[in-house]
Amino acid sequence: MVAEKAEERIDELRGVAREIRFQIVDMVHEAQSGHISPGFSAADIMAALYFELMRIDPKNPSAPERDRFVLSKGHACPVLYATLALRGYFPVEELKTLRRLGTRLQGHPVAGYLPGVDATTGSLGMGASQSLGIALEARLTGKQYDVWALLGDGELNEGLIWETAAAAAKYKLGNLVFIVDRNGLQTDGSCEVVMPMEPIDKKFAAFNWHVLKMDGHNMPEILATLRAAREFRTGPVCVIAKTIKGKGVGFMENSLEWHSKPPNDEQYAKAVAELRGGQA
């Protein structure tokens, strides 16, 4: 019975991830602007965090003891907006206002505009450093919250990431977890062509971080790995998630074309048919 309930919960979370992907493609199609594939690669992780692991209350989004989330790869904000709406922070219908004049759903996340957005991000690397400061605030004020930051693998090109890594290790921030969305592609091409960063695990380990790895699309593995990251309290944790850019829609997967391209009506219909068919 316990195993059956656990599997049911896994299936529910997979369904949430599919719905997140649908809402991403729906809002970007409506706006004819925005980033799809960087959000698709992170949808399973976001479902696990917001619907299972994080200590949050959408009815009290500013609760002092809530866990914090920082989308350091801020261009992927449709995945954050979709997740927050589905979790109950604001009406799902508002997703249709993405990037419109006066909307709360800006082209990058803006703290104070939308409930549930804990940091203003966009310039790569800045979100990581903000997560460091937020984690330090918890220590200085005696609060017991955790800080989760989602980074892009191309973002690791930024020197600020490594300054942050050094400081987080110095202060032994056991309430800080970086999740690296390792989908292998960035705006200008393959990450390994633009600026090779491997071995990422050994780099973070050299900065005295505890390093874990996971398949970013395997829900049981995601849950187990992120729980292990949360339980490690002697210093910061870096989780390297192997993912597929555009995961969930076949013609978008591993394609640089869909980094920041909105679908036309035909492409939208094809993507929705695949997502609603449960193939994500």
# chains A, B, ... in the order shown; residues from 1 in each chain; ligands from 1
>>> select_by_dssp(residues="region 102-150 of chain A", states="helix (DSSP H, G or I)", output="count of residues only")
16
>>> residues_around(residues="Lys96 (chain A)", least_positions_apart="4", cutoff="12 Å", atoms="only C-alpha atoms", output="list in words")
Gln23, Ile24, Val25, Asp26, Met27, Val28, His29, Glu30, Ala31, Gln32, Ser33, Pro78, Tyr81, Ala82, Ala85, Pro91, Val92, Arg100, Thr103, Arg104, Leu105 and Gln106 of chain A
>>> residues_around(residues="Asn157 (chain A)", least_positions_apart="3", cutoff="10 Å", atoms="only C-alpha atoms", output="ChimeraX atom specification")
/A:124-125,152-154,160-162,191,194-197
>>> write_last_selection(atoms="C-alpha atoms", output="JSON list (two decimals), in the first residue's frame")
[["chain", "number", "residue", "atom", "x", "y", "z"],
["A", 124, "LEU", "CA", 23.63, 35.62, -15.39],
["A", 125, "GLY", "CA", 25.46, 34.92, -12.15],
["A", 152, "GLY", "CA", 22.06, 27.19, -16.17],
["A", 153, "ASP", "CA", 25.17, 25.32, -17.25],
["A", 154, "GLY", "CA", 26.10, 28.13, -19.64],
["A", 160, "LEU", "CA", 30.62, 35.60, -10.24],
["A", 161, "ILE", "CA", 29.51, 31.98, -9.88],
["A", 162, "TRP", "CA", 32.92, 31.00, -8.60],
["A", 191, "CYS", "CA", 28.32, 24.77, -23.84],
["A", 194, "VAL", "CA", 31.39, 28.21, -26.24],
["A", 195, "MET", "CA", 33.36, 27.67, -23.03],
["A", 196, "PRO", "CA", 34.17, 24.18, -21.78],
["A", 197, "MET", "CA", 33.42, 23.86, -18.05]]
>>> atom_distance(atom1="CA of Leu185 (chain A)", atom2="CA of Pro38 (chain A)")
9.0 Å
>>> closest_residue(among="A:Ala241, A:Gly127, A:Gln144, A:Ala224", to="Arg182 (chain A)", atoms="only C-alpha atoms")
A:Ala241
>>> residues_around(residues="region 271-276 of chain A", least_positions_apart="3", cutoff="10 Å", atoms="only C-alpha atoms", output="MDAnalysis selection string")
chainID A and resid 15 18:23 25:26 248:252 263 265:268 279:280
>>> write_last_selection(atoms="N, CA and C atoms", output="PDB file, in the first residue's frame")
ATOM      1  N   GLY A  15       2.758  14.448 -13.777  1.00  0.00           N
ATOM      2  CA  GLY A  15       1.661  15.180 -14.390  1.00  0.00           C
ATOM      3  C   GLY A  15       1.798  16.675 -14.191  1.00  0.00           C
ATOM      4  N   ARG A  18       4.302  17.929 -16.688  1.00  0.00           N
ATOM      5  CA  ARG A  18       3.709  18.060 -18.025  1.00  0.00           C
ATOM      6  C   ARG A  18       2.861  19.316 -18.128  1.00  0.00           C
ATOM      7  N   GLU A  19       2.110  19.605 -17.062  1.00  0.00           N
ATOM      8  CA  GLU A  19       1.259  20.796 -17.083  1.00  0.00           C
ATOM      9  C   GLU A  19       2.100  22.068 -17.067  1.00  0.00           C
ATOM     10  N   ILE A  20       3.208  22.049 -16.351  1.00  0.00           N
ATOM     11  CA  ILE A  20       4.127  23.191 -16.373  1.00  0.00           C
ATOM     12  C   ILE A  20       4.612  23.436 -17.800  1.00  0.00           C
ATOM     13  N   ARG A  21       4.988  22.365 -18.480  1.00  0.00           N
ATOM     14  CA  ARG A  21       5.459  22.502 -19.867  1.00  0.00           C
ATOM     15  C   ARG A  21       4.349  23.039 -20.771  1.00  0.00           C
ATOM     16  N   PHE A  22       3.135  22.544 -20.577  1.00  0.00           N
ATOM     17  CA  PHE A  22       2.031  23.055 -21.387  1.00  0.00           C
ATOM     18  C   PHE A  22       1.846  24.558 -21.153  1.00  0.00           C
ATOM     19  N   GLN A  23       1.853  24.972 -19.908  1.00  0.00           N
ATOM     20  CA  GLN A  23       1.638  26.384 -19.612  1.00  0.00           C
ATOM     21  C   GLN A  23       2.767  27.249 -20.175  1.00  0.00           C
ATOM     22  N   VAL A  25       4.574  26.645 -23.007  1.00  0.00           N
ATOM     23  CA  VAL A  25       4.400  26.806 -24.451  1.00  0.00           C
ATOM     24  C   VAL A  25       3.162  27.636 -24.750  1.00  0.00           C
ATOM     25  N   ASP A  26       2.142  27.521 -23.900  1.00  0.00           N
ATOM     26  CA  ASP A  26       0.914  28.285 -24.102  1.00  0.00           C
ATOM     27  C   ASP A  26       1.168  29.781 -23.925  1.00  0.00           C
ATOM     28  N   GLY A 248      10.271  17.082 -23.576  1.00  0.00           N
ATOM     29  CA  GLY A 248       8.834  16.936 -23.539  1.00  0.00           C
ATOM     30  C   GLY A 248       8.152  17.127 -24.867  1.00  0.00           C
ATOM     31  N   VAL A 249       8.799  17.844 -25.771  1.00  0.00           N
ATOM     32  CA  VAL A 249       8.265  18.028 -27.122  1.00  0.00           C
ATOM     33  C   VAL A 249       9.362  17.615 -28.090  1.00  0.00           C
ATOM     34  N   GLY A 250       9.106  16.544 -28.836  1.00  0.00           N
ATOM     35  CA  GLY A 250      10.147  15.911 -29.651  1.00  0.00           C
ATOM     36  C   GLY A 250      10.906  16.854 -30.557  1.00  0.00           C
ATOM     37  N   PHE A 251      10.211  17.717 -31.284  1.00  0.00           N
ATOM     38  CA  PHE A 251      10.906  18.555 -32.254  1.00  0.00           C
ATOM     39  C   PHE A 251      11.668  19.714 -31.601  1.00  0.00           C
ATOM     40  N   MET A 252      11.480  19.898 -30.283  1.00  0.00           N
ATOM     41  CA  MET A 252      12.215  20.935 -29.568  1.00  0.00           C
ATOM     42  C   MET A 252      13.425  20.383 -28.816  1.00  0.00           C
ATOM     43  N   PRO A 263       6.595  29.559 -30.802  1.00  0.00           N
ATOM     44  CA  PRO A 263       6.054  28.698 -31.863  1.00  0.00           C
ATOM     45  C   PRO A 263       4.963  29.416 -32.658  1.00  0.00           C
ATOM     46  N   ASP A 265       1.380  28.935 -34.999  1.00  0.00           N
ATOM     47  CA  ASP A 265       0.159  28.202 -34.652  1.00  0.00           C
ATOM     48  C   ASP A 265       0.284  26.707 -34.903  1.00  0.00           C
ATOM     49  N   GLU A 266       0.911  26.331 -36.016  1.00  0.00           N
ATOM     50  CA  GLU A 266       1.064  24.912 -36.349  1.00  0.00           C
ATOM     51  C   GLU A 266       1.990  24.219 -35.355  1.00  0.00           C
ATOM     52  N   GLN A 267       3.106  24.860 -35.041  1.00  0.00           N
ATOM     53  CA  GLN A 267       4.047  24.288 -34.085  1.00  0.00           C
ATOM     54  C   GLN A 267       3.433  24.198 -32.691  1.00  0.00           C
ATOM     55  N   TYR A 268       2.666  25.214 -32.332  1.00  0.00           N
ATOM     56  CA  TYR A 268       1.980  25.222 -31.038  1.00  0.00           C
ATOM     57  C   TYR A 268       1.016  24.044 -30.935  1.00  0.00           C
ATOM     58  N   GLN A 279       3.043  12.480 -23.330  1.00  0.00           N
ATOM     59  CA  GLN A 279       4.312  11.951 -23.817  1.00  0.00           C
ATOM     60  C   GLN A 279       5.510  12.743 -23.316  1.00  0.00           C
ATOM     61  N   ALA A 280       5.294  13.736 -22.465  1.00  0.00           N
ATOM     62  CA  ALA A 280       6.411  14.562 -21.993  1.00  0.00           C
ATOM     63  C   ALA A 280       7.316  13.792 -21.046  1.00  0.00           C
TER      64      ALA A 280
END
>>> residues_around(residues="Val70 (chain A)", least_positions_apart="6", cutoff="7 Å", atoms="only C-alpha atoms", output="JSON, numbers by chain")
{"A": [118, 119, 127, 131, 148, 149, 150]}
>>> residues_around(residues="Gly133 (chain A)", least_positions_apart="3", cutoff="12 Å", atoms="only C-alpha atoms", output="VMD selection string")
chain A and resid 68 70 118 to 119 126 to 130 136 to 140 147 149 164 to 165 167 to 168 171 173 175 to 176
>>> write_last_selection(atoms="N, CA and C atoms", output="mmCIF file, in the first residue's frame")
data_model
loop_
_atom_site.group_PDB
_atom_site.id
_atom_site.type_symbol
_atom_site.label_atom_id
_atom_site.label_comp_id
_atom_site.auth_asym_id
_atom_site.auth_seq_id
_atom_site.Cartn_x
_atom_site.Cartn_y
_atom_site.Cartn_z
ATOM 1 N N ARG A 68 13.280 29.631 0.294
ATOM 2 C CA ARG A 68 13.436 30.575 -0.803
ATOM 3 C C ARG A 68 13.909 29.849 -2.058
ATOM 4 N N VAL A 70 15.560 30.823 -5.974
ATOM 5 C CA VAL A 70 16.130 31.844 -6.852
ATOM 6 C C VAL A 70 16.359 31.231 -8.224
ATOM 7 N N ASP A 118 11.306 35.563 -5.203
ATOM 8 C CA ASP A 118 12.169 35.983 -4.108
ATOM 9 C C ASP A 118 13.378 36.799 -4.541
ATOM 10 N N ALA A 119 13.671 36.841 -5.853
ATOM 11 C CA ALA A 119 14.861 37.558 -6.310
ATOM 12 C C ALA A 119 14.661 38.037 -7.736
ATOM 13 N N MET A 126 24.076 36.681 -11.245
ATOM 14 C CA MET A 126 23.569 37.539 -10.174
ATOM 15 C C MET A 126 22.644 36.774 -9.227
ATOM 16 N N GLY A 127 21.859 35.850 -9.774
ATOM 17 C CA GLY A 127 20.963 35.090 -8.923
ATOM 18 C C GLY A 127 21.715 34.211 -7.946
ATOM 19 N N ALA A 128 22.816 33.648 -8.412
ATOM 20 C CA ALA A 128 23.629 32.809 -7.521
ATOM 21 C C ALA A 128 24.152 33.609 -6.338
ATOM 22 N N SER A 129 24.660 34.816 -6.615
ATOM 23 C CA SER A 129 25.189 35.641 -5.531
ATOM 24 C C SER A 129 24.076 36.105 -4.599
ATOM 25 N N GLN A 130 22.873 36.377 -5.168
ATOM 26 C CA GLN A 130 21.749 36.739 -4.305
ATOM 27 C C GLN A 130 21.364 35.585 -3.387
ATOM 28 N N LEU A 136 22.800 33.707 3.911
ATOM 29 C CA LEU A 136 23.482 34.361 5.031
ATOM 30 C C LEU A 136 22.488 35.078 5.932
ATOM 31 N N GLU A 137 21.455 35.667 5.324
ATOM 32 C CA GLU A 137 20.434 36.351 6.123
ATOM 33 C C GLU A 137 19.775 35.398 7.092
ATOM 34 N N ALA A 138 19.528 34.176 6.643
ATOM 35 C CA ALA A 138 18.923 33.186 7.529
ATOM 36 C C ALA A 138 19.803 32.947 8.749
ATOM 37 N N ARG A 139 21.090 32.825 8.524
ATOM 38 C CA ARG A 139 22.000 32.582 9.640
ATOM 39 C C ARG A 139 22.037 33.773 10.589
ATOM 40 N N LEU A 140 22.127 34.975 10.038
ATOM 41 C CA LEU A 140 22.271 36.175 10.861
ATOM 42 C C LEU A 140 21.016 36.468 11.677
ATOM 43 N N VAL A 147 17.605 27.643 1.001
ATOM 44 C CA VAL A 147 17.660 28.428 -0.234
ATOM 45 C C VAL A 147 18.038 27.504 -1.383
ATOM 46 N N ALA A 149 18.728 27.426 -5.483
ATOM 47 C CA ALA A 149 19.017 28.261 -6.649
ATOM 48 C C ALA A 149 19.192 27.371 -7.873
ATOM 49 N N THR A 164 31.014 33.375 -5.713
ATOM 50 C CA THR A 164 29.942 32.939 -4.824
ATOM 51 C C THR A 164 30.261 31.578 -4.215
ATOM 52 N N ALA A 165 30.766 30.679 -5.045
ATOM 53 C CA ALA A 165 31.106 29.345 -4.554
ATOM 54 C C ALA A 165 32.145 29.408 -3.436
ATOM 55 N N ALA A 167 32.749 31.952 -1.380
ATOM 56 C CA ALA A 167 32.187 32.562 -0.181
ATOM 57 C C ALA A 167 31.232 31.615 0.546
ATOM 58 N N ALA A 168 30.414 30.889 -0.215
ATOM 59 C CA ALA A 168 29.465 29.971 0.409
ATOM 60 C C ALA A 168 30.196 28.877 1.187
ATOM 61 N N TYR A 171 31.689 30.299 4.512
ATOM 62 C CA TYR A 171 30.712 30.475 5.587
ATOM 63 C C TYR A 171 29.932 29.197 5.900
ATOM 64 N N LEU A 173 27.656 27.338 4.425
ATOM 65 C CA LEU A 173 26.220 27.542 4.334
ATOM 66 C C LEU A 173 25.496 26.224 4.029
ATOM 67 N N ASN A 175 22.520 25.626 4.366
ATOM 68 C CA ASN A 175 21.134 25.857 3.929
ATOM 69 C C ASN A 175 21.050 26.317 2.480
ATOM 70 N N LEU A 176 22.138 26.170 1.718
ATOM 71 C CA LEU A 176 22.186 26.625 0.333
ATOM 72 C C LEU A 176 22.420 25.453 -0.619
#
>>> atom_distance(atom1="CA of Asp215 (chain A)", atom2="CA of Asn183 (chain A)")
10.7 Å
>>> closest_atom_pairs(of="region 40-98 of chain A", to="region 254-261 of chain A", cutoff="12 Å", atoms="only C-alpha atoms", output="JSON lines")
{"residue": "A:Phe40", "atom": "CA", "partner": "A:His259", "partner_atom": "CA", "distance": 10.1}
{"residue": "A:Ser41", "atom": "CA", "partner": "A:Asn254", "partner_atom": "CA", "distance": 9.8}
{"residue": "A:His75", "atom": "CA", "partner": "A:Ser260", "partner_atom": "CA", "distance": 8.8}
{"residue": "A:Ala76", "atom": "CA", "partner": "A:Ser260", "partner_atom": "CA", "distance": 9.2}
{"residue": "A:Cys77", "atom": "CA", "partner": "A:Ser260", "partner_atom": "CA", "distance": 11.6}
{"residue": "A:Pro78", "atom": "CA", "partner": "A:Ser260", "partner_atom": "CA", "distance": 11.2}
>>> write_last_selection(atoms="N, CA and C atoms", output="CSV table (one decimal), in the first residue's frame")
chain,number,residue,atom,x,y,z
A,40,PHE,N,11.6,23.9,-20.2
A,40,PHE,CA,11.3,22.5,-20.3
A,40,PHE,C,12.3,21.6,-19.7
A,41,SER,N,13.6,22.0,-19.8
A,41,SER,CA,14.6,21.1,-19.1
A,41,SER,C,14.5,21.1,-17.6
A,75,HIS,N,16.2,34.1,-17.6
A,75,HIS,CA,15.5,34.1,-18.9
A,75,HIS,C,14.5,33.0,-19.0
A,76,ALA,N,14.7,31.9,-18.2
A,76,ALA,CA,13.7,30.8,-18.2
A,76,ALA,C,12.5,31.0,-17.3
A,77,CYS,N,12.2,32.3,-17.0
A,77,CYS,CA,11.1,32.6,-16.1
A,77,CYS,C,9.8,32.0,-16.4
A,78,PRO,N,9.4,31.7,-17.7
A,78,PRO,CA,8.1,31.0,-17.9
A,78,PRO,C,8.0,29.8,-17.0
>>> closest_residue(among="A:Lys242, A:Lys172, A:Arg230, A:Arg66", to="Asn208 (chain A)", atoms="only C-alpha atoms")
A:Lys172
>>> atom_distance(atom1="CA of Thr141 (chain A)", atom2="CA of Pro64 (chain A)")
10.2 Å
>>> closest_residue(among="A:Pro109, A:Lys170, A:Ile45, A:Leu114", to="Glu94 (chain A)", atoms="only C-alpha atoms")
A:Leu114
>>> select_by_dssp(residues="region 135-243 of chain A", states="strand (DSSP E or B)", output="PyMOL selection string")
chain A and resi 147-152+176-182+185-186+189-190+210-215+237-242
>>> write_last_selection(atoms="N, CA and C atoms", output="compact mmCIF listing (two decimals), in the first residue's frame")
# COMPACT_ATOMS: atom_id res chain seq x y z
N VAL A 147 17.60 27.64 1.00
CA VAL A 147 17.66 28.43 -0.23
C VAL A 147 18.04 27.50 -1.38
N TRP A 148 17.17 27.46 -2.39
CA TRP A 148 17.41 26.66 -3.58
C TRP A 148 17.64 27.60 -4.76
N ALA A 149 18.73 27.43 -5.48
CA ALA A 149 19.02 28.26 -6.65
C ALA A 149 19.19 27.37 -7.87
N LEU A 150 18.47 27.71 -8.94
CA LEU A 150 18.58 26.96 -10.19
C LEU A 150 19.46 27.73 -11.16
N LEU A 151 20.56 27.12 -11.57
CA LEU A 151 21.53 27.74 -12.47
C LEU A 151 21.53 27.05 -13.82
N GLY A 152 21.81 27.79 -14.88
CA GLY A 152 22.06 27.19 -16.17
C GLY A 152 23.50 26.76 -16.28
N LEU A 176 22.14 26.17 1.72
CA LEU A 176 22.19 26.63 0.33
C LEU A 176 22.42 25.45 -0.62
N VAL A 177 21.54 25.33 -1.62
CA VAL A 177 21.68 24.27 -2.63
C VAL A 177 21.64 24.92 -4.01
N PHE A 178 22.68 24.69 -4.80
CA PHE A 178 22.68 25.03 -6.22
C PHE A 178 22.23 23.80 -7.00
N ILE A 179 21.33 24.01 -7.95
CA ILE A 179 20.98 22.96 -8.90
C ILE A 179 21.40 23.44 -10.28
N VAL A 180 22.34 22.75 -10.89
CA VAL A 180 22.83 23.12 -12.22
C VAL A 180 22.04 22.35 -13.26
N ASP A 181 21.31 23.09 -14.09
CA ASP A 181 20.52 22.49 -15.17
C ASP A 181 21.47 22.20 -16.34
N ARG A 182 22.00 20.99 -16.35
CA ARG A 182 23.06 20.62 -17.29
C ARG A 182 22.44 20.08 -18.58
N LEU A 185 23.37 23.14 -23.71
CA LEU A 185 23.24 24.18 -24.73
C LEU A 185 23.04 25.54 -24.10
N GLN A 186 23.59 26.57 -24.72
CA GLN A 186 23.35 27.95 -24.29
C GLN A 186 23.07 28.80 -25.53
N GLY A 189 25.31 28.31 -28.64
CA GLY A 189 25.67 26.98 -29.12
C GLY A 189 25.92 26.01 -27.99
N SER A 190 26.68 24.97 -28.30
CA SER A 190 27.02 23.97 -27.30
C SER A 190 27.87 24.58 -26.19
N HIS A 210 29.72 20.11 -1.33
CA HIS A 210 29.29 18.72 -1.44
C HIS A 210 28.57 18.59 -2.78
N VAL A 211 28.94 17.62 -3.60
CA VAL A 211 28.41 17.50 -4.96
C VAL A 211 27.60 16.22 -5.11
N LEU A 212 26.41 16.37 -5.70
CA LEU A 212 25.55 15.24 -6.02
C LEU A 212 25.18 15.32 -7.50
N LYS A 213 24.81 14.20 -8.07
CA LYS A 213 24.38 14.17 -9.47
C LYS A 213 23.04 13.45 -9.58
N MET A 214 22.27 13.84 -10.60
CA MET A 214 21.00 13.15 -10.82
C MET A 214 20.55 13.31 -12.26
N ASP A 215 19.65 12.43 -12.65
CA ASP A 215 18.93 12.55 -13.91
C ASP A 215 17.79 13.53 -13.66
N VAL A 237 25.69 22.70 -1.07
CA VAL A 237 25.56 21.53 -1.93
C VAL A 237 25.33 21.98 -3.36
N CYS A 238 26.01 21.33 -4.30
CA CYS A 238 25.76 21.53 -5.72
C CYS A 238 25.22 20.22 -6.30
N VAL A 239 24.01 20.31 -6.87
CA VAL A 239 23.40 19.16 -7.53
C VAL A 239 23.50 19.37 -9.03
N ILE A 240 24.18 18.48 -9.72
CA ILE A 240 24.30 18.57 -11.17
C ILE A 240 23.24 17.68 -11.79
N ALA A 241 22.28 18.33 -12.45
CA ALA A 241 21.14 17.62 -13.03
C ALA A 241 21.34 17.47 -14.53
N LYS A 242 21.49 16.24 -14.99
CA LYS A 242 21.61 15.99 -16.44
C LYS A 242 20.22 16.08 -17.04
>>> decode(residues="region 39-69 of chain A", atoms="N, CA and C atoms", output="PDB file, in the first residue's frame")
ATOM      1  N   GLY A  39      13.096  26.277 -19.988  1.00  0.00           N
ATOM      2  CA  GLY A  39      12.142  25.929 -18.947  1.00  0.00           C
ATOM      3  C   GLY A  39      11.737  24.473 -18.993  1.00  0.00           C
ATOM      4  N   PHE A  40      11.606  23.933 -20.199  1.00  0.00           N
ATOM      5  CA  PHE A  40      11.259  22.521 -20.342  1.00  0.00           C
ATOM      6  C   PHE A  40      12.282  21.621 -19.656  1.00  0.00           C
ATOM      7  N   SER A  41      13.562  21.968 -19.752  1.00  0.00           N
ATOM      8  CA  SER A  41      14.592  21.116 -19.142  1.00  0.00           C
ATOM      9  C   SER A  41      14.505  21.114 -17.623  1.00  0.00           C
ATOM     10  N   ALA A  42      13.898  22.159 -17.052  1.00  0.00           N
ATOM     11  CA  ALA A  42      13.835  22.288 -15.590  1.00  0.00           C
ATOM     12  C   ALA A  42      12.475  21.951 -15.010  1.00  0.00           C
ATOM     13  N   ALA A  43      11.487  21.599 -15.828  1.00  0.00           N
ATOM     14  CA  ALA A  43      10.114  21.438 -15.352  1.00  0.00           C
ATOM     15  C   ALA A  43       9.970  20.342 -14.297  1.00  0.00           C
ATOM     16  N   ASP A  44      10.649  19.233 -14.467  1.00  0.00           N
ATOM     17  CA  ASP A  44      10.540  18.141 -13.497  1.00  0.00           C
ATOM     18  C   ASP A  44      11.119  18.555 -12.146  1.00  0.00           C
ATOM     19  N   ILE A  45      12.214  19.287 -12.189  1.00  0.00           N
ATOM     20  CA  ILE A  45      12.853  19.769 -10.962  1.00  0.00           C
ATOM     21  C   ILE A  45      11.938  20.750 -10.244  1.00  0.00           C
ATOM     22  N   MET A  46      11.319  21.648 -10.998  1.00  0.00           N
ATOM     23  CA  MET A  46      10.424  22.634 -10.401  1.00  0.00           C
ATOM     24  C   MET A  46       9.202  21.963  -9.780  1.00  0.00           C
ATOM     25  N   ALA A  47       8.676  20.952 -10.448  1.00  0.00           N
ATOM     26  CA  ALA A  47       7.536  20.220  -9.892  1.00  0.00           C
ATOM     27  C   ALA A  47       7.904  19.581  -8.556  1.00  0.00           C
ATOM     28  N   ALA A  48       9.077  18.976  -8.492  1.00  0.00           N
ATOM     29  CA  ALA A  48       9.524  18.332  -7.257  1.00  0.00           C
ATOM     30  C   ALA A  48       9.709  19.346  -6.140  1.00  0.00           C
ATOM     31  N   LEU A  49      10.320  20.482  -6.446  1.00  0.00           N
ATOM     32  CA  LEU A  49      10.578  21.489  -5.419  1.00  0.00           C
ATOM     33  C   LEU A  49       9.285  22.082  -4.879  1.00  0.00           C
ATOM     34  N   TYR A  50       8.444  22.577  -5.768  1.00  0.00           N
ATOM     35  CA  TYR A  50       7.282  23.351  -5.336  1.00  0.00           C
ATOM     36  C   TYR A  50       6.093  22.509  -4.901  1.00  0.00           C
ATOM     37  N   PHE A  51       6.010  21.283  -5.380  1.00  0.00           N
ATOM     38  CA  PHE A  51       4.855  20.461  -5.049  1.00  0.00           C
ATOM     39  C   PHE A  51       5.174  19.338  -4.070  1.00  0.00           C
ATOM     40  N   GLU A  52       6.443  19.240  -3.642  1.00  0.00           N
ATOM     41  CA  GLU A  52       6.789  18.157  -2.728  1.00  0.00           C
ATOM     42  C   GLU A  52       7.795  18.568  -1.662  1.00  0.00           C
ATOM     43  N   LEU A  53       8.836  19.301  -2.024  1.00  0.00           N
ATOM     44  CA  LEU A  53       9.976  19.443  -1.128  1.00  0.00           C
ATOM     45  C   LEU A  53      10.071  20.758  -0.365  1.00  0.00           C
ATOM     46  N   MET A  54       9.741  21.860  -0.991  1.00  0.00           N
ATOM     47  CA  MET A  54       9.937  23.155  -0.352  1.00  0.00           C
ATOM     48  C   MET A  54       8.870  23.442   0.694  1.00  0.00           C
ATOM     49  N   ARG A  55       9.287  24.102   1.759  1.00  0.00           N
ATOM     50  CA  ARG A  55       8.364  24.530   2.817  1.00  0.00           C
ATOM     51  C   ARG A  55       7.839  25.913   2.444  1.00  0.00           C
ATOM     52  N   ILE A  56       6.664  25.936   1.856  1.00  0.00           N
ATOM     53  CA  ILE A  56       6.072  27.158   1.343  1.00  0.00           C
ATOM     54  C   ILE A  56       4.572  27.146   1.602  1.00  0.00           C
ATOM     55  N   ASP A  57       3.971  28.337   1.545  1.00  0.00           N
ATOM     56  CA  ASP A  57       2.529  28.481   1.682  1.00  0.00           C
ATOM     57  C   ASP A  57       2.071  29.569   0.722  1.00  0.00           C
ATOM     58  N   PRO A  58       1.475  29.181  -0.406  1.00  0.00           N
ATOM     59  CA  PRO A  58       1.027  30.180  -1.377  1.00  0.00           C
ATOM     60  C   PRO A  58       0.076  31.217  -0.789  1.00  0.00           C
ATOM     61  N   LYS A  59      -0.639  30.865   0.284  1.00  0.00           N
ATOM     62  CA  LYS A  59      -1.542  31.812   0.920  1.00  0.00           C
ATOM     63  C   LYS A  59      -0.803  32.813   1.795  1.00  0.00           C
ATOM     64  N   ASN A  60       0.450  32.517   2.098  1.00  0.00           N
ATOM     65  CA  ASN A  60       1.286  33.413   2.900  1.00  0.00           C
ATOM     66  C   ASN A  60       2.671  33.471   2.271  1.00  0.00           C
ATOM     67  N   PRO A  61       2.774  34.072   1.072  1.00  0.00           N
ATOM     68  CA  PRO A  61       4.017  33.990   0.290  1.00  0.00           C
ATOM     69  C   PRO A  61       5.211  34.731   0.899  1.00  0.00           C
ATOM     70  N   SER A  62       4.965  35.549   1.907  1.00  0.00           N
ATOM     71  CA  SER A  62       6.068  36.286   2.537  1.00  0.00           C
ATOM     72  C   SER A  62       6.396  35.755   3.925  1.00  0.00           C
ATOM     73  N   ALA A  63       5.945  34.566   4.247  1.00  0.00           N
ATOM     74  CA  ALA A  63       6.214  33.996   5.572  1.00  0.00           C
ATOM     75  C   ALA A  63       7.720  33.988   5.845  1.00  0.00           C
ATOM     76  N   PRO A  64       8.165  34.515   6.980  1.00  0.00           N
ATOM     77  CA  PRO A  64       9.607  34.640   7.254  1.00  0.00           C
ATOM     78  C   PRO A  64      10.368  33.315   7.215  1.00  0.00           C
ATOM     79  N   GLU A  65       9.724  32.214   7.603  1.00  0.00           N
ATOM     80  CA  GLU A  65      10.419  30.936   7.681  1.00  0.00           C
ATOM     81  C   GLU A  65      10.263  30.088   6.418  1.00  0.00           C
ATOM     82  N   ARG A  66       9.676  30.654   5.373  1.00  0.00           N
ATOM     83  CA  ARG A  66       9.486  29.885   4.129  1.00  0.00           C
ATOM     84  C   ARG A  66      10.839  29.587   3.479  1.00  0.00           C
ATOM     85  N   ASP A  67      10.903  28.516   2.733  1.00  0.00           N
ATOM     86  CA  ASP A  67      12.074  28.276   1.891  1.00  0.00           C
ATOM     87  C   ASP A  67      12.085  29.291   0.757  1.00  0.00           C
ATOM     88  N   ARG A  68      13.280  29.631   0.294  1.00  0.00           N
ATOM     89  CA  ARG A  68      13.436  30.575  -0.803  1.00  0.00           C
ATOM     90  C   ARG A  68      13.909  29.849  -2.058  1.00  0.00           C
ATOM     91  N   PHE A  69      13.448  30.363  -3.218  1.00  0.00           N
ATOM     92  CA  PHE A  69      13.912  29.843  -4.498  1.00  0.00           C
ATOM     93  C   PHE A  69      14.393  31.008  -5.354  1.00  0.00           C
TER      94      PHE A  69
END
